[in-house]
Amino acid sequence: MGISISNLALRIVSGAFILNTGIGKLNLTPEQAAGLKSSAQRVIPQVGSLEAEKFGHYLSFSEIALGAFVLTPLVPSRLAGLALGAFSAGLVATYLKTPGLTEPDSIRPTPAGTAMAKDFWLAGIAVALIFHRKRPARIG
């Protein structure tokens with residue numbers, strides 16, 4: 001079992017980014033946690049039953065765990081891609097369901113939506129990790 005350089009690059013870029021984002025959320029203010037909870041609640045209504053600060057902690061720990069998981073070389077790339085895909089699906093859904101982030105009747109971002117629209121790259125990385133095929137070894 002080996003890991004390709006292309007998969008390694010994808011995993012380092014996405015895993016380190018998510019890990020850093022999670023670490024950055026360790027000390028959210030109550031207002032920041034409430035804002036994140038409000039965004040997440042558009043996609044996952046059950047989030048509404050959590051206290052904002054508790055949600056912020058869960059989100060931070062989840063991102064740290066996901067980033068570490070994607071960065072761990074012993075984790076198969078397809079499994080890392082599946083985890084990354086689930087996470088990025090939530091980000092994309094949040095982007096699409098948040099008013100003011102997309103142009104009317106479009107998925108193109110408004111200036112306010114550009115930062116979240118960038119999360120589509122995580123979905124692309126997930127697809128690349130899931131569907132990467134190793135070339136069969138050539139004999140002779």
# chains A, B, ... in the order shown; residues from 1 in each chain; ligands from 1
$ residues_around --residues "Leu96 in chain A" --least-positions-apart "5" --cutoff "12 Å" --atoms "only C-alpha atoms" --output "MDAnalysis selection string"
chainID A and resid 39:40 42:43 89:91 101:110 113:114 116:117 119:120
$ write_last_selection --atoms "N, CA, C and O atoms" --output "PDB file, in the first residue's frame"
ATOM      1  N   SER A  39     -25.899  29.675  10.638  1.00  0.00           N
ATOM      2  CA  SER A  39     -25.611  29.199   9.275  1.00  0.00           C
ATOM      3  C   SER A  39     -25.822  27.695   9.159  1.00  0.00           C
ATOM      4  O   SER A  39     -26.423  27.220   8.199  1.00  0.00           O
ATOM      5  N   ALA A  40     -25.320  26.957  10.127  1.00  0.00           N
ATOM      6  CA  ALA A  40     -25.442  25.497  10.091  1.00  0.00           C
ATOM      7  C   ALA A  40     -26.890  25.047  10.215  1.00  0.00           C
ATOM      8  O   ALA A  40     -27.291  24.038   9.624  1.00  0.00           O
ATOM      9  N   ARG A  42     -29.456  26.248   8.907  1.00  0.00           N
ATOM     10  CA  ARG A  42     -30.168  26.278   7.625  1.00  0.00           C
ATOM     11  C   ARG A  42     -30.097  24.929   6.922  1.00  0.00           C
ATOM     12  O   ARG A  42     -30.967  24.576   6.157  1.00  0.00           O
ATOM     13  N   VAL A  43     -29.024  24.209   7.158  1.00  0.00           N
ATOM     14  CA  VAL A  43     -28.799  22.916   6.507  1.00  0.00           C
ATOM     15  C   VAL A  43     -29.204  21.763   7.420  1.00  0.00           C
ATOM     16  O   VAL A  43     -29.777  20.777   6.971  1.00  0.00           O
ATOM     17  N   ALA A  89     -19.788  18.693   1.561  1.00  0.00           N
ATOM     18  CA  ALA A  89     -21.207  18.742   1.179  1.00  0.00           C
ATOM     19  C   ALA A  89     -21.971  19.673   2.114  1.00  0.00           C
ATOM     20  O   ALA A  89     -22.831  20.447   1.674  1.00  0.00           O
ATOM     21  N   GLY A  90     -21.642  19.624   3.385  1.00  0.00           N
ATOM     22  CA  GLY A  90     -22.268  20.534   4.344  1.00  0.00           C
ATOM     23  C   GLY A  90     -21.916  21.984   4.068  1.00  0.00           C
ATOM     24  O   GLY A  90     -22.767  22.881   4.152  1.00  0.00           O
ATOM     25  N   LEU A  91     -20.661  22.235   3.709  1.00  0.00           N
ATOM     26  CA  LEU A  91     -20.240  23.603   3.397  1.00  0.00           C
ATOM     27  C   LEU A  91     -20.927  24.124   2.141  1.00  0.00           C
ATOM     28  O   LEU A  91     -21.384  25.268   2.099  1.00  0.00           O
ATOM     29  N   LEU A 101     -25.598  35.041  -0.595  1.00  0.00           N
ATOM     30  CA  LEU A 101     -24.276  34.537  -0.990  1.00  0.00           C
ATOM     31  C   LEU A 101     -24.198  34.211  -2.476  1.00  0.00           C
ATOM     32  O   LEU A 101     -23.094  34.120  -3.018  1.00  0.00           O
ATOM     33  N   THR A 102     -25.341  33.995  -3.107  1.00  0.00           N
ATOM     34  CA  THR A 102     -25.351  33.688  -4.543  1.00  0.00           C
ATOM     35  C   THR A 102     -26.150  34.746  -5.308  1.00  0.00           C
ATOM     36  O   THR A 102     -27.044  35.396  -4.756  1.00  0.00           O
ATOM     37  N   GLU A 103     -25.797  34.898  -6.582  1.00  0.00           N
ATOM     38  CA  GLU A 103     -26.553  35.792  -7.450  1.00  0.00           C
ATOM     39  C   GLU A 103     -27.965  35.225  -7.603  1.00  0.00           C
ATOM     40  O   GLU A 103     -28.159  34.014  -7.525  1.00  0.00           O
ATOM     41  N   PRO A 104     -28.958  36.084  -7.835  1.00  0.00           N
ATOM     42  CA  PRO A 104     -30.328  35.578  -8.010  1.00  0.00           C
ATOM     43  C   PRO A 104     -30.416  34.526  -9.113  1.00  0.00           C
ATOM     44  O   PRO A 104     -29.835  34.691 -10.182  1.00  0.00           O
ATOM     45  N   ASP A 105     -31.090  33.418  -8.826  1.00  0.00           N
ATOM     46  CA  ASP A 105     -31.282  32.319  -9.777  1.00  0.00           C
ATOM     47  C   ASP A 105     -29.973  31.770 -10.332  1.00  0.00           C
ATOM     48  O   ASP A 105     -29.886  31.400 -11.502  1.00  0.00           O
ATOM     49  N   SER A 106     -28.941  31.707  -9.499  1.00  0.00           N
ATOM     50  CA  SER A 106     -27.633  31.241  -9.948  1.00  0.00           C
ATOM     51  C   SER A 106     -26.877  30.645  -8.768  1.00  0.00           C
ATOM     52  O   SER A 106     -27.248  30.838  -7.612  1.00  0.00           O
ATOM     53  N   ILE A 107     -25.807  29.915  -9.075  1.00  0.00           N
ATOM     54  CA  ILE A 107     -24.915  29.465  -8.004  1.00  0.00           C
ATOM     55  C   ILE A 107     -23.659  30.337  -7.963  1.00  0.00           C
ATOM     56  O   ILE A 107     -22.815  30.159  -7.107  1.00  0.00           O
ATOM     57  N   ARG A 108     -23.572  31.297  -8.895  1.00  0.00           N
ATOM     58  CA  ARG A 108     -22.430  32.215  -8.898  1.00  0.00           C
ATOM     59  C   ARG A 108     -22.449  33.049  -7.618  1.00  0.00           C
ATOM     60  O   ARG A 108     -23.493  33.513  -7.195  1.00  0.00           O
ATOM     61  N   PRO A 109     -21.280  33.256  -7.015  1.00  0.00           N
ATOM     62  CA  PRO A 109     -21.251  33.980  -5.749  1.00  0.00           C
ATOM     63  C   PRO A 109     -21.415  35.490  -5.922  1.00  0.00           C
ATOM     64  O   PRO A 109     -20.993  36.069  -6.917  1.00  0.00           O
ATOM     65  N   THR A 110     -22.030  36.096  -4.935  1.00  0.00           N
ATOM     66  CA  THR A 110     -22.013  37.546  -4.805  1.00  0.00           C
ATOM     67  C   THR A 110     -20.674  37.898  -4.165  1.00  0.00           C
ATOM     68  O   THR A 110     -19.950  37.001  -3.703  1.00  0.00           O
ATOM     69  N   GLY A 113     -20.483  36.225  -0.982  1.00  0.00           N
ATOM     70  CA  GLY A 113     -20.428  34.772  -1.016  1.00  0.00           C
ATOM     71  C   GLY A 113     -19.124  34.191  -1.505  1.00  0.00           C
ATOM     72  O   GLY A 113     -18.923  32.971  -1.459  1.00  0.00           O
ATOM     73  N   THR A 114     -18.216  35.042  -1.964  1.00  0.00           N
ATOM     74  CA  THR A 114     -16.964  34.541  -2.539  1.00  0.00           C
ATOM     75  C   THR A 114     -16.168  33.683  -1.562  1.00  0.00           C
ATOM     76  O   THR A 114     -15.642  32.639  -1.932  1.00  0.00           O
ATOM     77  N   MET A 116     -17.166  31.784   0.890  1.00  0.00           N
ATOM     78  CA  MET A 116     -17.743  30.441   1.051  1.00  0.00           C
ATOM     79  C   MET A 116     -17.725  29.659  -0.252  1.00  0.00           C
ATOM     80  O   MET A 116     -17.630  28.439  -0.236  1.00  0.00           O
ATOM     81  N   ALA A 117     -17.819  30.325  -1.380  1.00  0.00           N
ATOM     82  CA  ALA A 117     -17.790  29.627  -2.660  1.00  0.00           C
ATOM     83  C   ALA A 117     -16.454  28.920  -2.866  1.00  0.00           C
ATOM     84  O   ALA A 117     -16.380  27.905  -3.553  1.00  0.00           O
ATOM     85  N   ASP A 119     -15.095  27.060  -0.907  1.00  0.00           N
ATOM     86  CA  ASP A 119     -15.155  25.728  -0.306  1.00  0.00           C
ATOM     87  C   ASP A 119     -15.489  24.635  -1.316  1.00  0.00           C
ATOM     88  O   ASP A 119     -15.381  23.454  -1.000  1.00  0.00           O
ATOM     89  N   PHE A 120     -15.877  25.015  -2.514  1.00  0.00           N
ATOM     90  CA  PHE A 120     -16.101  24.018  -3.554  1.00  0.00           C
ATOM     91  C   PHE A 120     -14.819  23.244  -3.862  1.00  0.00           C
ATOM     92  O   PHE A 120     -14.875  22.109  -4.309  1.00  0.00           O
TER      93      PHE A 120
END
$ closest_residue --among "A:Gln41, A:Gln46, A:Val13, A:His57" --to "Lys25 in chain A" --atoms "only C-alpha atoms"
A:His57
$ select_by_dssp --residues "range 61-90 of chain A" --states "alpha helix (DSSP H)" --output "count of residues only"
25
$ residues_around --residues "Leu26 in chain A" --least-positions-apart "3" --cutoff "8 Å" --atoms "only C-alpha atoms" --output "number ranges by chain"
A: 22-23, 56-57, 60-61
$ atom_distance --atom1 "CA of Val70 in chain A" --atom2 "CA of Ala128 in chain A"
13.4 Å
$ residues_around --residues "range 130-134 of chain A" --least-positions-apart "5" --cutoff "12 Å" --atoms "only C-alpha atoms" --output "list in words"
Met1, Gly2, Ile3, Ser4, Ile5, Ser6, Asn7, Leu8, Leu10, Arg11, Pro76, Ser77, Arg78, Leu79, Ala80, Gly81, Leu82, Ala83, Leu84, Gly85, Ala86, Ala123, Gly124 and Ile125 of chain A
$ write_last_selection --atoms "N, CA, C and O atoms" --output "CSV table (one decimal), in the first residue's frame"
chain,number,residue,atom,x,y,z
A,1,MET,N,0.8,-1.2,0.0
A,1,MET,CA,0.0,0.0,0.0
A,1,MET,C,0.9,1.2,0.0
A,1,MET,O,1.7,1.4,0.9
A,2,GLY,N,0.7,2.1,-1.0
A,2,GLY,CA,1.5,3.3,-1.1
A,2,GLY,C,0.5,4.5,-1.3
A,2,GLY,O,-0.6,4.3,-1.5
A,3,ILE,N,1.1,5.6,-1.2
A,3,ILE,CA,0.3,6.8,-1.4
A,3,ILE,C,1.0,7.6,-2.5
A,3,ILE,O,2.2,7.7,-2.6
A,4,SER,N,0.2,8.1,-3.5
A,4,SER,CA,0.7,8.8,-4.6
A,4,SER,C,1.0,10.2,-4.1
A,4,SER,O,0.5,10.8,-3.2
A,5,ILE,N,2.0,10.8,-4.9
A,5,ILE,CA,2.3,12.2,-4.6
A,5,ILE,C,1.2,13.1,-4.8
A,5,ILE,O,0.9,14.1,-4.0
A,6,SER,N,0.3,12.9,-5.8
A,6,SER,CA,-0.8,13.7,-6.0
A,6,SER,C,-1.8,13.6,-4.9
A,6,SER,O,-2.4,14.6,-4.4
A,7,ASN,N,-2.1,12.4,-4.4
A,7,ASN,CA,-3.0,12.3,-3.3
A,7,ASN,C,-2.4,12.9,-2.0
A,7,ASN,O,-3.1,13.5,-1.2
A,8,LEU,N,-1.1,12.8,-1.8
A,8,LEU,CA,-0.5,13.4,-0.7
A,8,LEU,C,-0.6,14.9,-0.7
A,8,LEU,O,-1.0,15.5,0.3
A,10,LEU,N,-3.0,16.6,-2.2
A,10,LEU,CA,-4.4,17.0,-1.9
A,10,LEU,C,-4.7,16.8,-0.4
A,10,LEU,O,-5.4,17.7,0.1
A,11,ARG,N,-4.2,15.8,0.2
A,11,ARG,CA,-4.5,15.6,1.6
A,11,ARG,C,-3.8,16.6,2.5
A,11,ARG,O,-4.4,17.0,3.5
A,76,PRO,N,-6.6,5.2,4.4
A,76,PRO,CA,-6.7,5.1,3.0
A,76,PRO,C,-7.3,6.4,2.4
A,76,PRO,O,-8.1,7.1,2.9
A,77,SER,N,-6.7,6.8,1.2
A,77,SER,CA,-7.1,8.0,0.5
A,77,SER,C,-8.6,8.0,0.2
A,77,SER,O,-9.3,9.1,0.3
A,78,ARG,N,-9.2,6.9,-0.1
A,78,ARG,CA,-10.6,6.9,-0.4
A,78,ARG,C,-11.5,7.2,0.8
A,78,ARG,O,-12.5,7.9,0.8
A,79,LEU,N,-11.0,6.6,1.9
A,79,LEU,CA,-11.8,6.9,3.2
A,79,LEU,C,-11.6,8.4,3.6
A,79,LEU,O,-12.6,9.0,4.0
A,80,ALA,N,-10.4,8.9,3.5
A,80,ALA,CA,-10.2,10.3,3.7
A,80,ALA,C,-11.1,11.2,2.8
A,80,ALA,O,-11.6,12.2,3.2
A,81,GLY,N,-11.2,10.8,1.5
A,81,GLY,CA,-12.0,11.5,0.6
A,81,GLY,C,-13.5,11.4,0.9
A,81,GLY,O,-14.2,12.4,0.8
A,82,LEU,N,-13.9,10.3,1.4
A,82,LEU,CA,-15.3,10.2,1.8
A,82,LEU,C,-15.6,11.1,3.0
A,82,LEU,O,-16.7,11.8,3.0
A,83,ALA,N,-14.7,11.2,4.0
A,83,ALA,CA,-14.9,12.0,5.1
A,83,ALA,C,-14.9,13.5,4.7
A,83,ALA,O,-15.8,14.3,5.1
A,84,LEU,N,-14.0,13.8,3.8
A,84,LEU,CA,-13.8,15.2,3.3
A,84,LEU,C,-15.1,15.5,2.5
A,84,LEU,O,-15.6,16.7,2.5
A,85,GLY,N,-15.6,14.6,1.7
A,85,GLY,CA,-16.8,14.8,0.9
A,85,GLY,C,-18.0,15.1,1.7
A,85,GLY,O,-18.8,16.0,1.4
A,86,ALA,N,-18.2,14.4,2.8
A,86,ALA,CA,-19.3,14.7,3.7
A,86,ALA,C,-19.2,16.1,4.3
A,86,ALA,O,-20.2,16.8,4.4
A,123,ALA,N,-14.7,20.0,-2.1
A,123,ALA,CA,-15.5,18.9,-2.8
A,123,ALA,C,-14.8,18.3,-3.9
A,123,ALA,O,-14.8,17.1,-4.1
A,124,GLY,N,-14.1,19.2,-4.7
A,124,GLY,CA,-13.2,18.6,-5.8
A,124,GLY,C,-12.1,17.7,-5.3
A,124,GLY,O,-11.8,16.7,-5.9
A,125,ILE,N,-11.5,18.1,-4.2
A,125,ILE,CA,-10.4,17.3,-3.7
A,125,ILE,C,-11.0,15.9,-3.2
A,125,ILE,O,-10.4,14.9,-3.4
$ residues_around --residues "Ala34 in chain A" --least-positions-apart "5" --cutoff "9 Å" --atoms "only C-alpha atoms" --output "JSON, numbers by chain"
{"A": [29, 39, 51, 52, 53, 55, 56]}
$ closest_atom_pairs --of "range 86-134 of chain A" --to "range 64-68 of chain A" --cutoff "12 Å" --atoms "only C-alpha atoms" --output "JSON lines"
{"residue": "A:Ala86", "atom": "CA", "partner": "A:Leu66", "partner_atom": "CA", "distance": 10.5}
{"residue": "A:Phe87", "atom": "CA", "partner": "A:Leu66", "partner_atom": "CA", "distance": 8.5}
{"residue": "A:Ser88", "atom": "CA", "partner": "A:Leu66", "partner_atom": "CA", "distance": 11.2}
{"residue": "A:Leu122", "atom": "CA", "partner": "A:Gly67", "partner_atom": "CA", "distance": 11.9}
$ closest_residue --among "A:Pro111, A:Thr98, A:Leu71, A:Lys37" --to "Tyr58 in chain A" --atoms "only C-alpha atoms"
A:Lys37
$ atom_distance --atom1 "CA of Leu129 in chain A" --atom2 "CA of Leu36 in chain A"
27.8 Å
$ atom_distance --atom1 "CA of Gly24 in chain A" --atom2 "CA of Val75 in chain A"
24.3 Å
$ closest_residue --among "A:Ile18, A:Val127, A:Leu50, A:Ala112" --to "Glu63 in chain A" --atoms "only C-alpha atoms"
A:Ile18
